[in-house]
>>> print(open('start-v5.cif').read())   # mmCIF, C-alpha atoms
data_input
loop_
_atom_site.label_atom_id
_atom_site.label_comp_id
_atom_site.auth_asym_id
_atom_site.auth_seq_id
_atom_site.Cartn_x
_atom_site.Cartn_y
_atom_site.Cartn_z
CA MET A 203 0.00 0.00 0.00
CA PRO A 204 1.47 3.37 -0.93
CA ARG A 205 2.09 5.63 1.93
CA SER A 206 -0.28 8.58 1.63
CA SER A 207 1.57 11.82 1.92
CA PRO A 208 0.12 14.64 3.99
CA SER A 209 1.50 17.25 1.64
CA LEU A 210 -0.82 18.61 -0.99
CA ASP A 211 -0.15 20.21 -4.30
CA MET A 212 0.46 23.83 -3.54
CA THR A 213 1.35 24.94 -7.05
CA PRO A 214 -1.92 26.76 -7.87
CA MET A 215 -1.86 28.52 -4.54
CA VAL A 216 1.72 29.60 -5.06
CA ASP A 217 0.86 30.80 -8.54
CA LEU A 218 -1.91 32.91 -7.17
CA ALA A 219 0.16 34.22 -4.31
CA PHE A 220 2.95 35.31 -6.62
CA LEU A 221 0.51 36.82 -9.05
CA LEU A 222 -0.91 38.94 -6.26
CA VAL A 223 2.55 39.82 -4.98
CA THR A 224 3.55 40.99 -8.44
CA PHE A 225 0.35 42.98 -8.79
CA PHE A 226 0.78 44.75 -5.49
CA MET A 227 4.45 45.35 -6.08
CA LEU A 228 3.83 47.01 -9.39
CA THR A 229 0.79 49.01 -8.44
CA SER A 230 1.65 50.06 -4.93
CA GLN A 231 3.08 53.40 -4.19
CA PHE A 232 4.61 53.82 -0.85
CA ARG A 233 2.94 56.20 1.42
CA ALA A 234 5.27 59.07 2.02
CA GLU A 235 6.53 59.44 5.53
CA GLU A 236 4.21 61.81 7.28
CA PRO A 237 5.19 63.34 10.58
CA VAL A 238 1.64 64.22 11.51
CA ILE A 239 -1.82 62.81 11.00
CA VAL A 240 -4.19 65.28 9.51
CA ASP A 241 -7.94 64.86 9.43
CA THR A 242 -8.90 66.54 6.19
CA PRO A 243 -12.38 67.98 5.78
CA ALA A 244 -14.81 66.09 3.58
CA SER A 245 -16.05 67.33 0.26
CA GLN A 246 -18.04 66.02 -2.64
CA LYS A 247 -15.43 66.93 -5.21
CA GLU A 248 -14.08 63.93 -7.03
CA MET A 249 -11.06 65.44 -8.72
CA LYS A 250 -7.97 63.37 -8.06
CA LEU A 251 -4.70 64.93 -7.15
CA PRO A 252 -1.96 64.03 -9.64
CA ASP A 253 0.86 62.10 -8.00
CA LYS A 254 3.67 64.11 -9.50
CA ASP A 255 4.86 67.70 -9.30
CA ILE A 256 3.20 68.58 -6.05
CA MET A 257 4.30 71.01 -3.44
CA LEU A 258 2.48 70.00 -0.32
CA LEU A 259 1.87 72.13 2.72
CA THR A 260 0.34 70.29 5.63
CA ILE A 261 -1.30 72.19 8.46
CA ASP A 262 -2.29 70.20 11.52
CA SER A 263 -5.03 71.08 14.02
CA ALA A 264 -2.58 73.00 16.18
CA GLY A 265 -1.59 75.17 13.24
CA ARG A 266 1.87 73.70 12.70
CA VAL A 267 3.06 73.86 9.11
CA PHE A 268 4.85 71.00 7.36
CA PHE A 269 6.46 71.25 3.97
CA SER A 270 7.15 68.73 1.25
CA ILE A 271 7.88 68.65 -2.44
CA ASP A 272 8.23 65.58 -4.62
CA GLN A 273 11.09 64.54 -6.94
CA LYS A 274 14.32 63.67 -5.23
CA ASP A 275 16.56 65.81 -7.45
CA VAL A 276 14.40 68.87 -6.80
CA ARG A 277 14.55 68.25 -3.07
CA ILE A 278 18.32 67.96 -3.07
CA ALA A 279 18.76 71.07 -5.19
CA MET A 280 16.33 72.88 -2.92
CA LEU A 281 18.29 71.87 0.19
CA GLU A 282 21.50 73.17 -1.39
CA GLU A 283 19.80 76.46 -2.22
CA MET A 284 18.47 76.74 1.31
CA GLY A 285 21.92 75.91 2.67
CA ASN A 286 23.31 78.83 0.67
CA ARG A 287 20.67 81.21 1.94
CA TYR A 288 21.01 80.22 5.59
CA LYS A 289 24.78 79.54 5.46
CA ILE A 290 24.43 75.91 6.46
CA GLU A 291 26.62 73.30 4.85
CA PHE A 292 24.96 69.92 4.27
CA THR A 293 26.97 66.77 3.64
CA GLU A 294 26.26 64.45 0.71
CA GLU A 295 24.81 61.93 3.13
CA GLU A 296 22.44 64.47 4.60
CA LYS A 297 21.33 65.54 1.15
CA GLU A 298 20.62 61.93 0.26
CA THR A 299 18.54 61.42 3.40
CA PHE A 300 16.69 64.65 2.77
CA GLY A 301 15.97 63.60 -0.79
CA LYS A 302 14.18 60.48 0.40
CA MET A 303 12.34 62.10 3.27
CA GLY A 304 8.68 63.09 3.31
CA SER A 305 7.15 66.12 4.96
CA PHE A 306 9.04 67.95 7.68
CA GLY A 307 8.13 70.74 10.00
CA LEU A 308 10.98 72.28 11.95
CA PRO A 309 13.28 75.28 11.84
CA ILE A 310 16.15 74.89 9.39
CA GLY A 311 18.62 75.31 12.25
CA ASN A 312 17.46 71.95 13.63
CA LEU A 313 17.44 70.19 10.28
CA LYS A 314 20.98 68.79 10.51
CA GLU A 315 20.39 66.89 13.74
CA TYR A 316 16.99 65.81 12.50
CA LEU A 317 18.51 64.24 9.38
CA ALA A 318 20.98 62.29 11.51
CA LEU A 319 18.13 60.47 13.28
CA ASP A 320 16.44 57.22 12.32
CA GLY A 321 13.00 57.27 10.75
CA GLY A 322 11.22 56.24 13.94
CA ASP A 323 13.04 58.75 16.11
CA ARG A 324 12.31 61.50 13.63
CA GLU A 325 8.61 61.10 14.18
CA LYS A 326 9.08 61.42 17.92
CA VAL A 327 11.38 64.40 17.67
CA SER A 328 9.18 66.24 15.22
CA ARG A 329 6.47 66.50 17.87
CA GLN A 330 8.67 68.88 19.82
CA PHE A 331 8.81 71.39 17.04
CA LYS A 332 6.21 73.95 16.20
CA GLY A 333 6.32 73.49 12.44
CA ILE A 334 8.24 75.61 9.97
CA PRO A 335 8.55 79.17 11.24
CA MET A 336 6.70 81.73 9.21
CA ASP A 337 5.81 85.38 9.39
CA THR A 338 4.53 87.97 6.96
CA THR A 339 7.89 89.10 5.59
CA THR A 340 9.92 87.76 2.69
CA SER A 341 13.21 87.87 4.59
CA LEU A 342 15.19 84.99 6.07
CA THR A 343 13.02 84.94 9.20
CA ASN A 344 10.15 83.61 7.12
CA GLU A 345 11.56 80.15 6.58
CA LEU A 346 8.40 78.81 4.99
CA PHE A 347 8.56 81.49 2.33
CA ASN A 348 12.16 80.56 1.58
CA TRP A 349 11.36 76.85 1.33
CA VAL A 350 8.49 77.52 -1.03
CA ASP A 351 10.53 79.93 -3.08
CA ALA A 352 13.57 77.63 -3.30
CA GLY A 353 11.40 74.59 -4.08
CA ARG A 354 9.61 76.44 -6.83
CA ARG A 355 12.79 77.72 -8.43
CA MET A 356 14.46 74.32 -8.36
CA SER A 357 11.40 72.63 -9.77
CA PHE A 358 11.30 75.14 -12.62
CA ASN A 359 15.00 74.57 -13.26
CA LYS A 360 14.64 70.82 -13.55
CA TYR A 361 11.20 70.52 -15.02
CA GLN A 362 8.87 72.45 -17.19
CA LYS A 363 7.78 75.73 -15.74
CA GLY A 364 4.23 75.86 -14.50
CA VAL A 365 3.57 72.16 -13.99
CA LEU A 366 4.05 72.38 -10.25
CA ARG A 367 0.83 72.34 -8.27
CA TYR A 368 0.40 73.78 -4.82
CA ALA A 369 -1.56 71.55 -2.51
CA ILE A 370 -2.74 72.52 0.93
CA LYS A 371 -3.66 69.71 3.27
CA GLY A 372 -5.25 71.27 6.27
CA ASP A 373 -6.87 69.69 9.26
CA GLY A 374 -10.58 70.46 9.49
CA ASP A 375 -10.03 71.84 12.97
CA ALA A 376 -7.20 74.12 11.98
CA ASN A 377 -7.79 77.81 12.25
CA TYR A 378 -8.62 79.32 8.89
CA LYS A 379 -6.53 82.35 9.79
CA LYS A 380 -3.39 80.24 9.48
CA ILE A 381 -4.36 78.96 6.06
CA LYS A 382 -5.28 82.46 5.00
CA LYS A 383 -1.80 83.61 6.01
CA ILE A 384 -0.23 80.89 3.91
CA ILE A 385 -2.42 81.75 0.94
CA GLU A 386 -1.49 85.41 1.34
CA MET A 387 2.16 84.42 1.35
CA PHE A 388 1.67 82.60 -1.95
CA GLN A 389 -0.05 85.63 -3.40
CA LYS A 390 2.90 87.91 -2.71
CA ASP A 391 4.53 89.33 -5.83
CA GLU A 392 7.62 87.16 -5.38
CA ILE A 393 5.65 83.94 -5.74
CA ASN A 394 2.38 85.09 -7.26
CA VAL A 395 0.40 81.89 -7.13
CA ASN A 396 -3.36 82.17 -6.99
CA ARG A 397 -4.49 78.65 -7.66
CA PHE A 398 -4.43 76.01 -4.96
CA ASN A 399 -5.47 72.45 -4.48
CA LEU A 400 -7.15 71.87 -1.17
CA ILE A 401 -6.88 68.23 -0.26
CA THR A 402 -10.12 66.82 1.08
CA SER A 403 -11.47 63.37 1.72
CA LEU A 404 -14.39 62.07 -0.23
CA GLU A 405 -17.68 62.52 1.53
CA SER A 406 -19.55 59.25 1.63
CA GLU A 407 -22.98 60.31 2.78
CA GLN A 408 -25.13 63.26 1.96
CA LYS A 409 -25.28 65.64 4.84
CA MET B 231 16.03 26.36 1.44
CA ALA B 232 14.13 24.13 -0.91
CA GLN B 233 15.04 20.52 -0.66
CA LEU B 234 14.64 17.80 -3.14
CA ASP B 235 12.39 15.19 -1.63
CA THR B 236 14.33 12.08 -2.49
CA GLY B 237 12.62 9.97 0.08
CA GLY B 238 15.43 9.37 2.51
CA GLY B 239 19.02 10.03 1.70
CA ASP B 240 20.17 6.75 3.17
CA SER B 241 22.80 5.11 1.01
CA LYS B 242 22.60 1.89 2.99
CA GLY B 243 19.76 -0.61 3.22
CA GLY B 244 19.84 -2.30 -0.19
CA LYS B 245 16.32 -3.52 -0.89
CA HIS B 246 14.59 -0.68 0.78
CA GLN B 247 16.55 1.91 -1.15
CA LYS B 248 15.82 0.35 -4.51
CA GLN B 249 12.12 0.60 -3.93
CA ARG B 250 12.41 4.25 -3.04
CA ALA B 251 14.57 5.10 -5.98
CA LYS B 252 11.79 4.14 -8.37
CA LYS B 253 9.40 6.50 -6.67
CA GLN B 254 11.80 9.38 -6.71
CA SER B 255 9.56 12.37 -7.17
CA THR B 256 10.25 15.83 -8.53
CA HIS B 257 8.19 17.45 -5.83
CA ILE B 258 9.81 20.28 -4.05
CA ASP B 259 8.79 21.30 -0.61
CA MET B 260 7.29 24.64 -1.38
CA THR B 261 6.21 25.59 2.11
CA PRO B 262 9.00 28.11 2.80
CA MET B 263 8.47 29.71 -0.58
CA VAL B 264 4.76 30.01 0.04
CA ASP B 265 5.44 31.47 3.45
CA LEU B 266 7.64 34.07 1.88
CA ALA B 267 5.17 34.81 -0.88
CA PHE B 268 2.36 35.38 1.57
CA LEU B 269 4.56 37.45 3.79
CA LEU B 270 5.34 39.73 0.86
CA LEU B 271 1.72 39.75 -0.15
CA THR B 272 0.61 40.84 3.28
CA PHE B 273 3.27 43.50 3.33
CA PHE B 274 2.24 45.00 0.02
CA VAL B 275 -1.44 44.80 0.79
CA LEU B 276 -0.95 46.68 4.03
CA THR B 277 1.43 49.32 2.77
CA SER B 278 -0.10 50.14 -0.58
CA THR B 279 -2.37 53.12 -0.90
CA PHE B 280 -5.07 52.73 -3.43
CA SER B 281 -6.99 55.90 -3.17
CA LYS B 282 -5.34 58.99 -4.44
CA PRO B 283 -6.24 62.01 -2.38
CA VAL B 284 -9.19 63.99 -3.62
CA THR B 285 -8.70 67.65 -4.18
CA MET B 286 -10.72 70.77 -4.47
CA GLU B 287 -9.26 73.39 -6.74
CA ILE B 288 -9.74 76.98 -5.74
CA THR B 289 -8.55 80.11 -7.39
CA MET B 290 -8.11 83.01 -5.05
CA PRO B 291 -8.97 86.47 -6.29
CA VAL B 292 -5.90 88.52 -7.06
CA LYS B 293 -5.36 91.16 -4.42
CA PRO B 294 -6.61 94.45 -5.80
CA LYS B 295 -4.08 97.24 -5.83
CA ASP B 296 -6.62 99.81 -4.71
CA LYS B 297 -8.98 99.09 -1.89
CA GLU B 298 -11.99 100.65 -3.56
CA ASP B 299 -15.05 98.46 -3.74
CA LYS B 300 -16.08 98.36 -7.35
CA THR B 301 -18.52 95.50 -7.29
CA GLU B 302 -21.53 96.10 -9.42
CA VAL B 303 -22.93 92.63 -9.14
CA LYS B 304 -26.56 92.77 -8.17
CA HIS B 305 -27.46 89.21 -7.39
CA ILE B 306 -25.04 88.57 -4.57
CA VAL B 307 -25.03 86.79 -1.24
CA THR B 308 -22.32 87.41 1.32
CA LEU B 309 -21.63 84.70 3.89
CA VAL B 310 -19.57 85.05 7.01
CA VAL B 311 -18.27 81.80 8.45
CA THR B 312 -17.80 82.15 12.20
CA LYS B 313 -16.25 80.01 14.88
CA GLY B 314 -19.32 78.09 16.01
CA ASP B 315 -22.00 76.37 14.03
CA THR B 316 -23.53 79.54 12.71
CA VAL B 317 -23.05 81.27 9.44
CA ALA B 318 -24.20 84.85 9.04
CA TRP B 319 -25.36 86.10 5.66
CA TYR B 320 -26.96 89.01 3.88
CA TYR B 321 -28.28 89.60 0.42
CA GLY B 322 -27.04 92.39 -1.82
CA LYS B 323 -25.37 95.33 -0.15
CA LEU B 324 -24.84 95.52 3.59
CA ASP B 325 -27.76 97.49 4.96
CA THR B 326 -25.92 99.82 7.28
CA ALA B 327 -29.13 101.59 8.26
CA SER B 328 -30.58 98.47 9.80
CA ALA B 329 -29.73 97.44 13.35
CA ALA B 330 -29.41 93.80 12.34
CA PRO B 331 -28.35 93.43 8.71
CA PHE B 332 -27.11 89.87 9.17
CA ASN B 333 -29.34 86.84 8.96
CA ILE B 334 -28.24 83.83 10.93
CA SER B 335 -28.23 80.34 9.53
CA SER B 336 -26.60 77.00 10.23
CA PHE B 337 -24.43 74.53 8.34
CA SER B 338 -27.14 71.90 8.24
CA LYS B 339 -29.11 70.88 5.18
CA ASP B 340 -32.01 73.13 6.07
CA GLY B 341 -29.72 75.98 6.94
CA ILE B 342 -27.51 77.81 4.54
CA ARG B 343 -28.08 75.35 1.71
CA LYS B 344 -31.76 76.20 1.62
CA VAL B 345 -30.98 79.90 1.61
CA LEU B 346 -28.57 79.55 -1.28
CA MET B 347 -30.90 77.30 -3.22
CA GLU B 348 -33.72 79.80 -2.89
CA ASN B 349 -31.53 82.62 -4.09
CA ASN B 350 -30.21 80.55 -6.94
CA ARG B 351 -33.46 78.85 -7.95
CA GLU B 352 -33.52 80.37 -11.47
CA THR B 353 -30.16 78.85 -12.35
CA ILE B 354 -30.97 75.55 -10.67
CA LYS B 355 -34.19 75.35 -12.68
CA LYS B 356 -32.40 76.04 -15.93
CA ILE B 357 -29.76 73.44 -15.14
CA GLN B 358 -32.40 70.85 -14.34
CA GLU B 359 -34.10 71.60 -17.64
CA ILE B 360 -30.99 71.07 -19.72
CA GLU B 361 -30.18 67.98 -17.70
CA LYS B 362 -33.55 66.54 -18.61
CA LYS B 363 -33.15 67.53 -22.24
CA ILE B 364 -29.71 66.01 -22.53
CA LEU B 365 -30.70 62.81 -20.75
CA ALA B 366 -33.60 62.37 -23.15
CA ASP B 367 -31.31 62.72 -26.12
CA LYS B 368 -30.27 59.17 -26.86
CA SER B 369 -28.30 60.01 -29.99
CA MET B 370 -25.12 60.58 -27.98
CA ASP B 371 -23.20 58.20 -25.78
CA GLU B 372 -23.02 58.74 -22.06
CA GLN B 373 -19.67 60.44 -21.97
CA LYS B 374 -20.63 62.95 -24.61
CA ARG B 375 -23.85 63.71 -22.81
CA LYS B 376 -21.98 64.27 -19.58
CA GLU B 377 -19.52 66.61 -21.28
CA LEU B 378 -22.28 68.58 -22.90
CA TYR B 379 -24.17 68.81 -19.66
CA THR B 380 -21.14 70.02 -17.72
CA LYS B 381 -20.32 72.61 -20.34
CA GLN B 382 -23.83 74.01 -20.48
CA ALA B 383 -24.20 73.97 -16.71
CA VAL B 384 -20.96 75.91 -16.29
CA ASP B 385 -22.15 78.43 -18.87
CA LEU B 386 -25.42 78.87 -17.02
CA MET B 387 -23.67 79.31 -13.68
CA GLY B 388 -21.45 81.99 -15.19
CA GLU B 389 -24.30 84.00 -16.63
CA LYS B 390 -24.63 87.59 -15.61
CA ASP B 391 -27.80 87.16 -13.57
CA ALA B 392 -26.66 83.96 -11.88
CA LEU B 393 -25.98 84.10 -8.17
CA THR B 394 -22.61 85.28 -6.90
CA VAL B 395 -21.47 84.25 -3.44
CA VAL B 396 -18.81 85.99 -1.41
CA ILE B 397 -17.42 83.90 1.42
CA LYS B 398 -15.90 85.80 4.29
CA THR B 399 -14.54 84.49 7.56
CA THR B 400 -13.91 85.74 11.02
CA ASP B 401 -10.43 85.20 12.40
CA ASP B 402 -11.35 82.21 14.52
CA ALA B 403 -13.25 80.28 11.85
CA LYS B 404 -12.32 76.64 11.36
CA TYR B 405 -10.72 75.63 8.09
CA GLY B 406 -13.09 72.68 7.77
CA ARG B 407 -16.08 75.01 7.83
CA VAL B 408 -14.62 77.12 5.05
CA VAL B 409 -14.08 74.02 2.94
CA ASP B 410 -17.68 73.00 3.69
CA MET B 411 -18.85 76.32 2.33
CA VAL B 412 -16.79 76.04 -0.84
CA ASP B 413 -18.13 72.52 -1.27
CA GLU B 414 -21.65 73.82 -0.80
CA MET B 415 -21.14 76.05 -3.83
CA SER B 416 -20.95 73.05 -6.13
CA ILE B 417 -23.98 71.47 -4.46
CA VAL B 418 -26.18 74.49 -5.03
CA ASN B 419 -24.75 75.18 -8.50
CA VAL B 420 -23.05 78.45 -7.77
CA GLY B 421 -20.28 79.04 -10.26
CA LYS B 422 -19.21 82.47 -9.16
CA TYR B 423 -17.82 82.58 -5.66
CA ALA B 424 -14.77 83.97 -3.96
CA LEU B 425 -13.05 83.93 -0.59
CA VAL B 426 -12.66 87.53 0.44
CA ASP B 427 -11.38 89.35 3.54
CA ILE B 428 -13.99 90.63 5.93
CA SER B 429 -14.41 94.39 6.29
CA GLU B 430 -14.34 96.43 9.49
CA THR B 431 -17.96 97.48 9.05
CA GLU B 432 -19.10 93.91 8.82
CA LEU B 433 -17.11 92.94 11.89
CA ALA B 434 -18.67 95.81 13.81
CA PHE B 435 -22.16 94.70 12.86
CA LEU B 436 -21.42 91.09 13.75
CA GLN B 437 -20.30 92.23 17.15
CA GLN B 438 -23.32 94.42 17.54
CA GLN B 439 -25.60 91.52 16.72
CA LYS B 440 -23.67 89.37 19.22
CA ILE B 441 -22.83 86.79 16.55
CA ILE B 442 -19.19 87.13 17.46
CA LYS B 443 -17.67 88.37 20.66
#
>>> encode(input="start-v5.cif", output="structure tokens")
Amino acid sequence: MPRSSPSLDMTPMVDLAFLLVTFFMLTSQFRAEEPVIVDTPASQKEMKLPDKDIMLLTIDSAGRVFFSIDQKDVRIAMLEEMGNRYKIEFTEEEKETFGKMGSFGLPIGNLKEYLALDGGDREKVSRQFKGIPMDTTTSLTNELFNWVDAGRRMSFNKYQKGVLRYAIKGDGDANYKKIKKIIEMFQKDEINVNRFNLITSLESEQK
Amino acid sequence: MAQLDTGGGDSKGGKHQKQRAKKQSTHIDMTPMVDLAFLLLTFFVLTSTFSKPVTMEITMPVKPKDKEDKTEVKHIVTLVVTKGDTVAWYYGKLDTASAAPFNISSFSKDGIRKVLMENNRETIKKIQEIEKKILADKSMDEQKRKELYTKQAVDLMGEKDALTVVIKTTDDAKYGRVVDMVDEMSIVNVGKYALVDISETELAFLQQQKIIK
């Protein structure tokens, strides 16, 4: 009598599993590292945000501002430009880390030590900061203005001018005054942007 | 590592081994591979983001160089989004002679939406008419119909006598409420709206009416 083996033919299952793995590998896009969770307000708009050429400003419920721009080469060029403006020298390693990083919200003076940290520690540390400092001027004290300006310039250098979109991801509980200030900053003559993308979540039920 | 199941690697045991050698199978123990595959699968399922964020595009009015108010729009509603659950509004020009020029409404369905719908009923009616007309027209495919409808609706909303809405906010208004209001514009078919700074006169009246402190 042949000994019956307890193993079964797993080939179809493996086929399926690998098919799914391949599918998810090819379709998935990694969620960018986000230092803060923002509860966006709901809307019934169904326009999708393109996944390229976005400058993203995140405002959390406490009014802290986080900045991010996509494309690694733009980010690195932007960091160099910011280093020139603020007289901070960044090493190649730091530039590389910065290029891969997501949103950040801290004064540029603290950026060097922040880049030296591990991903997990960064999240913890970023809670201590009050976002990117901003005021109503266009001088060096308005760091947010300088980030936006540098990011814009570098993006225009590397890519076609005018493709960059400006997205604002605000928490529903954030004070509108803060967002108004940011919009006013964008409308200054030096930047002169009047069109924004407000990121919302899709409203499921009719109010 | 995958192992070839040769059925016992014993070189000794003459008779026994011969029998086994005949049965030598090509089956590979796939369990570790499957484990790995499912591990990867789980990882990708959990980390992947399917839904792209939705966005609402707004164009802010360019800051006028002179502060003079040159609006000649007649059919206009001004909303003031405040901190709480109330939204103050008035129709046309601010009636400075009145003690209480602001009407008070809420964010609910029967609140400000009703007000806007009433003020915009002409345009809504026209849009419903063309919607009906286009839906009845079976000569076009669905996409074409949708395009035509959107185009005509946008034209209607931009007409001179269509409603214009000015959204103003007090300093302590919540961002979510402002987005709600902008969203409301598309629900009630208002094509002409803008986010504008509040004036001193309006603030004074709001205080007088005890809508804001």
>>> atom_distance(input="start-v5.cif", atom1="atom CA of Pro335 of chain A", atom2="atom CA of Phe358 of chain A")
24.4 Å
>>> atom_distance(input="start-v5.cif", atom1="atom CA of Asp241 of chain A", atom2="atom CA of Asp320 of chain A")
25.7 Å
>>> interface_residues(input="start-v5.cif", of="chain B", to="chain A", cutoff="7 Å", atoms="all atoms listed in the file", output="ChimeraX atom specification")
/B:264,267-268,270-271,274-275,277-279,282-290,292,339,401-406,409-410,413
>>> resolve_selection(input="start-v5.cif", expression="the PyMOL selection byres ((chain A and resi 279-293) around 12)", output="PDB file with C-alpha atoms, in the frame of the given file")
ATOM      1  CA  SER A 270       7.150  68.730   1.250  1.00  0.00           C
ATOM      2  CA  ILE A 271       7.880  68.650  -2.440  1.00  0.00           C
ATOM      3  CA  ASP A 272       8.230  65.580  -4.620  1.00  0.00           C
ATOM      4  CA  GLN A 273      11.090  64.540  -6.940  1.00  0.00           C
ATOM      5  CA  LYS A 274      14.320  63.670  -5.230  1.00  0.00           C
ATOM      6  CA  ASP A 275      16.560  65.810  -7.450  1.00  0.00           C
ATOM      7  CA  VAL A 276      14.400  68.870  -6.800  1.00  0.00           C
ATOM      8  CA  ARG A 277      14.550  68.250  -3.070  1.00  0.00           C
ATOM      9  CA  ILE A 278      18.320  67.960  -3.070  1.00  0.00           C
ATOM     10  CA  GLU A 294      26.260  64.450   0.710  1.00  0.00           C
ATOM     11  CA  GLU A 295      24.810  61.930   3.130  1.00  0.00           C
ATOM     12  CA  GLU A 296      22.440  64.470   4.600  1.00  0.00           C
ATOM     13  CA  LYS A 297      21.330  65.540   1.150  1.00  0.00           C
ATOM     14  CA  GLU A 298      20.620  61.930   0.260  1.00  0.00           C
ATOM     15  CA  THR A 299      18.540  61.420   3.400  1.00  0.00           C
ATOM     16  CA  PHE A 300      16.690  64.650   2.770  1.00  0.00           C
ATOM     17  CA  GLY A 301      15.970  63.600  -0.790  1.00  0.00           C
ATOM     18  CA  MET A 303      12.340  62.100   3.270  1.00  0.00           C
ATOM     19  CA  PRO A 309      13.280  75.280  11.840  1.00  0.00           C
ATOM     20  CA  ILE A 310      16.150  74.890   9.390  1.00  0.00           C
ATOM     21  CA  GLY A 311      18.620  75.310  12.250  1.00  0.00           C
ATOM     22  CA  ASN A 312      17.460  71.950  13.630  1.00  0.00           C
ATOM     23  CA  LEU A 313      17.440  70.190  10.280  1.00  0.00           C
ATOM     24  CA  LYS A 314      20.980  68.790  10.510  1.00  0.00           C
ATOM     25  CA  GLU A 315      20.390  66.890  13.740  1.00  0.00           C
ATOM     26  CA  LEU A 317      18.510  64.240   9.380  1.00  0.00           C
ATOM     27  CA  ALA A 318      20.980  62.290  11.510  1.00  0.00           C
ATOM     28  CA  SER A 341      13.210  87.870   4.590  1.00  0.00           C
ATOM     29  CA  LEU A 342      15.190  84.990   6.070  1.00  0.00           C
ATOM     30  CA  THR A 343      13.020  84.940   9.200  1.00  0.00           C
ATOM     31  CA  ASN A 344      10.150  83.610   7.120  1.00  0.00           C
ATOM     32  CA  GLU A 345      11.560  80.150   6.580  1.00  0.00           C
ATOM     33  CA  LEU A 346       8.400  78.810   4.990  1.00  0.00           C
ATOM     34  CA  PHE A 347       8.560  81.490   2.330  1.00  0.00           C
ATOM     35  CA  ASN A 348      12.160  80.560   1.580  1.00  0.00           C
ATOM     36  CA  TRP A 349      11.360  76.850   1.330  1.00  0.00           C
ATOM     37  CA  VAL A 350       8.490  77.520  -1.030  1.00  0.00           C
ATOM     38  CA  ASP A 351      10.530  79.930  -3.080  1.00  0.00           C
ATOM     39  CA  ALA A 352      13.570  77.630  -3.300  1.00  0.00           C
ATOM     40  CA  GLY A 353      11.400  74.590  -4.080  1.00  0.00           C
ATOM     41  CA  ARG A 354       9.610  76.440  -6.830  1.00  0.00           C
ATOM     42  CA  ARG A 355      12.790  77.720  -8.430  1.00  0.00           C
ATOM     43  CA  MET A 356      14.460  74.320  -8.360  1.00  0.00           C
ATOM     44  CA  SER A 357      11.400  72.630  -9.770  1.00  0.00           C
ATOM     45  CA  PHE A 358      11.300  75.140 -12.620  1.00  0.00           C
ATOM     46  CA  ASN A 359      15.000  74.570 -13.260  1.00  0.00           C
ATOM     47  CA  LYS A 360      14.640  70.820 -13.550  1.00  0.00           C
TER      48      LYS A 360
END
>>> atom_distance(input="start-v5.cif", atom1="atom CA of Lys390 of chain B", atom2="atom CA of Lys356 of chain B")
13.9 Å
>>> residues_around(input="start-v5.cif", residues="Val420 of chain B", least_positions_apart="5", cutoff="8 Å", atoms="all atoms listed in the file", output="list of chain:residue names")
B:Asn350, B:Met387, B:Ala392, B:Leu393, B:Thr394, B:Val395, B:Met415
>>> write_last_selection(input="start-v5.cif", atoms="C-alpha atoms", output="CSV table (one decimal), in the frame of the given file")
chain,number,residue,atom,x,y,z
B,350,ASN,CA,-30.2,80.6,-6.9
B,387,MET,CA,-23.7,79.3,-13.7
B,392,ALA,CA,-26.7,84.0,-11.9
B,393,LEU,CA,-26.0,84.1,-8.2
B,394,THR,CA,-22.6,85.3,-6.9
B,395,VAL,CA,-21.5,84.2,-3.4
B,415,MET,CA,-21.1,76.0,-3.8
>>> residues_near_point(input="start-v5.cif", point="(-15.5, 84.6, 9.9)", cutoff="10 Å", atoms="all atoms listed in the file", output="JSON, numbers by chain")
{"A": [378, 379], "B": [309, 310, 311, 312, 313, 314, 316, 317, 318, 397, 398, 399, 400, 401, 402, 403, 404, 407, 408, 427, 428, 433, 436, 442]}
>>> write_last_selection(input="start-v5.cif", atoms="C-alpha atoms", output="compact mmCIF listing (two decimals), in the coordinates of the input")
# COMPACT_ATOMS: atom_id res chain seq x y z
CA TYR A 378 -8.62 79.32 8.89
CA LYS A 379 -6.53 82.35 9.79
CA LEU B 309 -21.63 84.70 3.89
CA VAL B 310 -19.57 85.05 7.01
CA VAL B 311 -18.27 81.80 8.45
CA THR B 312 -17.80 82.15 12.20
CA LYS B 313 -16.25 80.01 14.88
CA GLY B 314 -19.32 78.09 16.01
CA THR B 316 -23.53 79.54 12.71
CA VAL B 317 -23.05 81.27 9.44
CA ALA B 318 -24.20 84.85 9.04
CA ILE B 397 -17.42 83.90 1.42
CA LYS B 398 -15.90 85.80 4.29
CA THR B 399 -14.54 84.49 7.56
CA THR B 400 -13.91 85.74 11.02
CA ASP B 401 -10.43 85.20 12.40
CA ASP B 402 -11.35 82.21 14.52
CA ALA B 403 -13.25 80.28 11.85
CA LYS B 404 -12.32 76.64 11.36
CA ARG B 407 -16.08 75.01 7.83
CA VAL B 408 -14.62 77.12 5.05
CA ASP B 427 -11.38 89.35 3.54
CA ILE B 428 -13.99 90.63 5.93
CA LEU B 433 -17.11 92.94 11.89
CA LEU B 436 -21.42 91.09 13.75
CA ILE B 442 -19.19 87.13 17.46
>>> residues_near_point(input="start-v5.cif", point="(8.1, 62.8, 11.2)", cutoff="12 Å", atoms="only C-alpha atoms", output="PyMOL selection string")
chain A and resi 234-239+268-270+303-308+313+316-317+319-331+333
>>> resolve_selection(input="start-v5.cif", expression="the PyMOL selection byres ((chain A and resi 255) around 6)", output="ChimeraX atom specification")
/A:254,256,366
>>> closest_residue(input="start-v5.cif", among="B:Pro331, B:Pro291, B:Asp367, B:Ile360", to="Tyr423 of chain B", atoms="all atoms listed in the file")
B:Pro291
